[in-house]
Amino acid sequence: MNDLDVNPRAERLVALSRLLRRRRLDFALVFGEANIRSLCDIVCDNGCLVVFPSSPRHDLSAQPFLITDFRYVPMAHRVAPWLETVELKRGGTFAEAIKGQLKGRRVKSLRMGFEGAISAARYLQLQKTFPRTRLVDVGDDILSLRAVKSVDEITRIAAAEALNDEIWSRSQKDFKFGMTEKDLQRVIRAWMNALGDGEAFETIVCAGANAAECHHVPDSTVWRKGEPLLVDMGVRLDGVCSDMTRCLKPRNADAEYAKVYDVVLAANRAAIAAAKPGMTAGALDKVARDIIARAGYGKAFGHSLGHGVGYEIHELPTARPKDDTVLEPGMLVTIEPGIYLEGRLGVRIEDLVLI
């Protein structure tokens, strides 16, 4: 069999089929672009992947199929020749197309899995087309499967993260005091467009006290000599994201800023060293949070320690207080402790860790 005939995400697709069987679902509909890509490697923002439960003897008792419009059919044939692709009729709806395909395959439609994140309009359309079918949300189940990356995905994310680091180094050489936050953002964005596939998210640039706003929107604030700078950035590369936060600390930083920076850095390094398979995401969060709390800044660390990164910038797992998700080999999680003192300063240091 030619390599092109094999689904590189087959293991995840099989895992979803087994999950559908355990939950006694007749089939599941996957609309999300990132979810579709994670299951069959197809990039499509207007499609529906229909997946069936496994049987006791076979991982895939019925082959999945993709419904999409004319624009994406040739690409689907090229990228996933193993997958049946059904062209959506012009003017037709996904719900109607799904019903027609299931009827022709004699598939029951008593319990249907769907992503809870679909639009209300699409949900109501499914309800209308399948009035006797119970819709069961499997969105979190798919996100959990995506949390453990394949070797290929890890390799690509590592390359994106390395490029992110290179872009940060190059951008600093172009930074000049007197530039506005928007100017600095444009410098980073230009390098991302030149060397990668653009931003994974809107780059955050915070000059001086603006860093106290952990998700500050860059504006016309001027970066002045002697002021710290916080930058949260991620480049997209080969379909995946990267994420990193760095602070430029002035050589003559005042005592308060220097203390806060050292506390955040200590929390960041301790959590990176502690991260390992078998520990919970909540326990990892606690490692960093305890260091910040002991230093007297517990209330100034108001967000989670970190999150997964992949086809989207925020994925599972989430390292937050009391989260009992067990970290597994192949998961990726950001380590980004921060301290924010309103009107005065903000420090966050973020790295991406492979479990």
# chains A, B, ... in the order shown; residues from 1 in each chain; ligands from 1
>>> select_by_dssp(residues="segment 20-179 of chain A", states="strand (DSSP E or B)", output="list of chain:residue names")
A:Phe27, A:Ala28, A:Leu29, A:Val30, A:Gly47, A:Cys48, A:Leu49, A:Val50, A:Val51, A:Phe65, A:Leu66, A:Ile67, A:Thr68, A:Glu84, A:Thr85, A:Val86, A:Glu87, A:Arg111, A:Met112, A:Gly113, A:Phe114, A:Arg134, A:Leu135, A:Val136, A:Asp137, A:Val148
>>> select_by_dssp(residues="segment 20-201 of chain A", states="alpha helix (DSSP H)", output="PyMOL selection string")
chain A and resi 20-22+33-40+73-79+94-104+120-129+139-147+151-174+181-195
>>> residues_around(residues="Asp323 of chain A", least_positions_apart="3", cutoff="6 Å", atoms="only C-alpha atoms", output="JSON list (two decimals) with N, CA and C atoms, in the first residue's frame")
[["chain", "number", "residue", "atom", "x", "y", "z"],
["A", 281, "ALA", "N", -2.56, 17.80, 36.21],
["A", 281, "ALA", "CA", -2.36, 19.17, 35.75],
["A", 281, "ALA", "C", -2.47, 20.15, 36.91],
["A", 282, "GLY", "N", -3.34, 19.83, 37.88],
["A", 282, "GLY", "CA", -3.48, 20.67, 39.06],
["A", 282, "GLY", "C", -2.24, 20.68, 39.92],
["A", 320, "ARG", "N", -4.41, 24.04, 35.66],
["A", 320, "ARG", "CA", -5.08, 25.01, 36.52],
["A", 320, "ARG", "C", -5.30, 24.38, 37.89]]
>>> closest_residue(among="A:Ile291, A:Met233, A:Val79, A:Val240", to="Trp191 of chain A", atoms="only C-alpha atoms")
A:Met233
>>> closest_residue(among="A:Gly310, A:Pro250, A:Gly178, A:Pro64", to="Leu102 of chain A", atoms="only C-alpha atoms")
A:Pro64
>>> closest_residue(among="A:Leu195, A:Ile355, A:Val30, A:Leu316", to="Ala274 of chain A", atoms="only C-alpha atoms")
A:Ile355
>>> closest_residue(among="A:Ala253, A:Cys206, A:Leu143, A:Ala275", to="Ala34 of chain A", atoms="only C-alpha atoms")
A:Leu143
>>> closest_atom_pairs(of="segment 63-171 of chain A", to="segment 10-14 of chain A", cutoff="9 Å", atoms="only C-alpha atoms", output="Markdown table")
| residue | atom | partner | partner_atom | distance |
| --- | --- | --- | --- | --- |
| A:Leu145 | CA | A:Arg12 | CA | 6.6 |
| A:Arg146 | CA | A:Arg12 | CA | 7.7 |
| A:Ser150 | CA | A:Arg12 | CA | 8.9 |
>>> closest_residue(among="A:Ile157, A:Leu265, A:Leu83, A:Ala212", to="Gly302 of chain A", atoms="only C-alpha atoms")
A:Ala212
>>> closest_residue(among="A:Asp238, A:Asp232, A:Asp174, A:Glu256", to="Val217 of chain A", atoms="only C-alpha atoms")
A:Asp232
>>> residues_around(residues="Tyr123 of chain A", least_positions_apart="4", cutoff="12 Å", atoms="only C-alpha atoms", output="PyMOL selection string")
chain A and resi 29+31+94-95+112-119+127-131+134-137
>>> residues_around(residues="Leu354 of chain A", least_positions_apart="2", cutoff="7 Å", atoms="only C-alpha atoms", output="compact mmCIF listing (two decimals) with all heavy atoms, in the first residue's frame")
# COMPACT_ATOMS: atom_id res chain seq x y z
N GLY A 330 3.42 12.65 25.40
CA GLY A 330 2.87 13.14 24.15
C GLY A 330 2.02 14.39 24.31
O GLY A 330 1.65 15.03 23.33
N MET A 331 1.70 14.74 25.57
CA MET A 331 0.98 15.99 25.80
C MET A 331 1.96 17.15 25.78
O MET A 331 3.14 17.01 26.11
CB MET A 331 0.27 15.96 27.15
CG MET A 331 -0.96 15.08 27.20
SD MET A 331 -1.78 15.18 28.82
CE MET A 331 -3.32 14.31 28.47
N LEU A 332 1.46 18.31 25.39
CA LEU A 332 2.23 19.55 25.43
C LEU A 332 1.48 20.54 26.31
O LEU A 332 0.26 20.62 26.25
CB LEU A 332 2.39 20.14 24.03
CG LEU A 332 3.31 19.37 23.08
CD1 LEU A 332 2.92 19.61 21.64
CD2 LEU A 332 4.75 19.79 23.31
N VAL A 333 2.22 21.28 27.12
CA VAL A 333 1.57 22.27 27.99
C VAL A 333 2.49 23.46 28.18
O VAL A 333 3.71 23.31 28.32
CB VAL A 333 1.18 21.65 29.35
CG1 VAL A 333 2.40 21.17 30.11
CG2 VAL A 333 0.36 22.62 30.18
N LEU A 352 7.06 26.24 26.35
CA LEU A 352 6.22 25.10 26.00
C LEU A 352 6.96 23.82 26.34
O LEU A 352 8.12 23.64 25.99
CB LEU A 352 5.91 25.12 24.49
CG LEU A 352 4.94 24.06 23.97
CD1 LEU A 352 3.59 24.16 24.67
CD2 LEU A 352 4.75 24.21 22.46
>>> atom_distance(atom1="atom CA of Pro8 of chain A", atom2="atom CA of Glu315 of chain A")
20.1 Å
>>> atom_distance(atom1="atom CA of Ser17 of chain A", atom2="atom CA of Arg111 of chain A")
14.1 Å
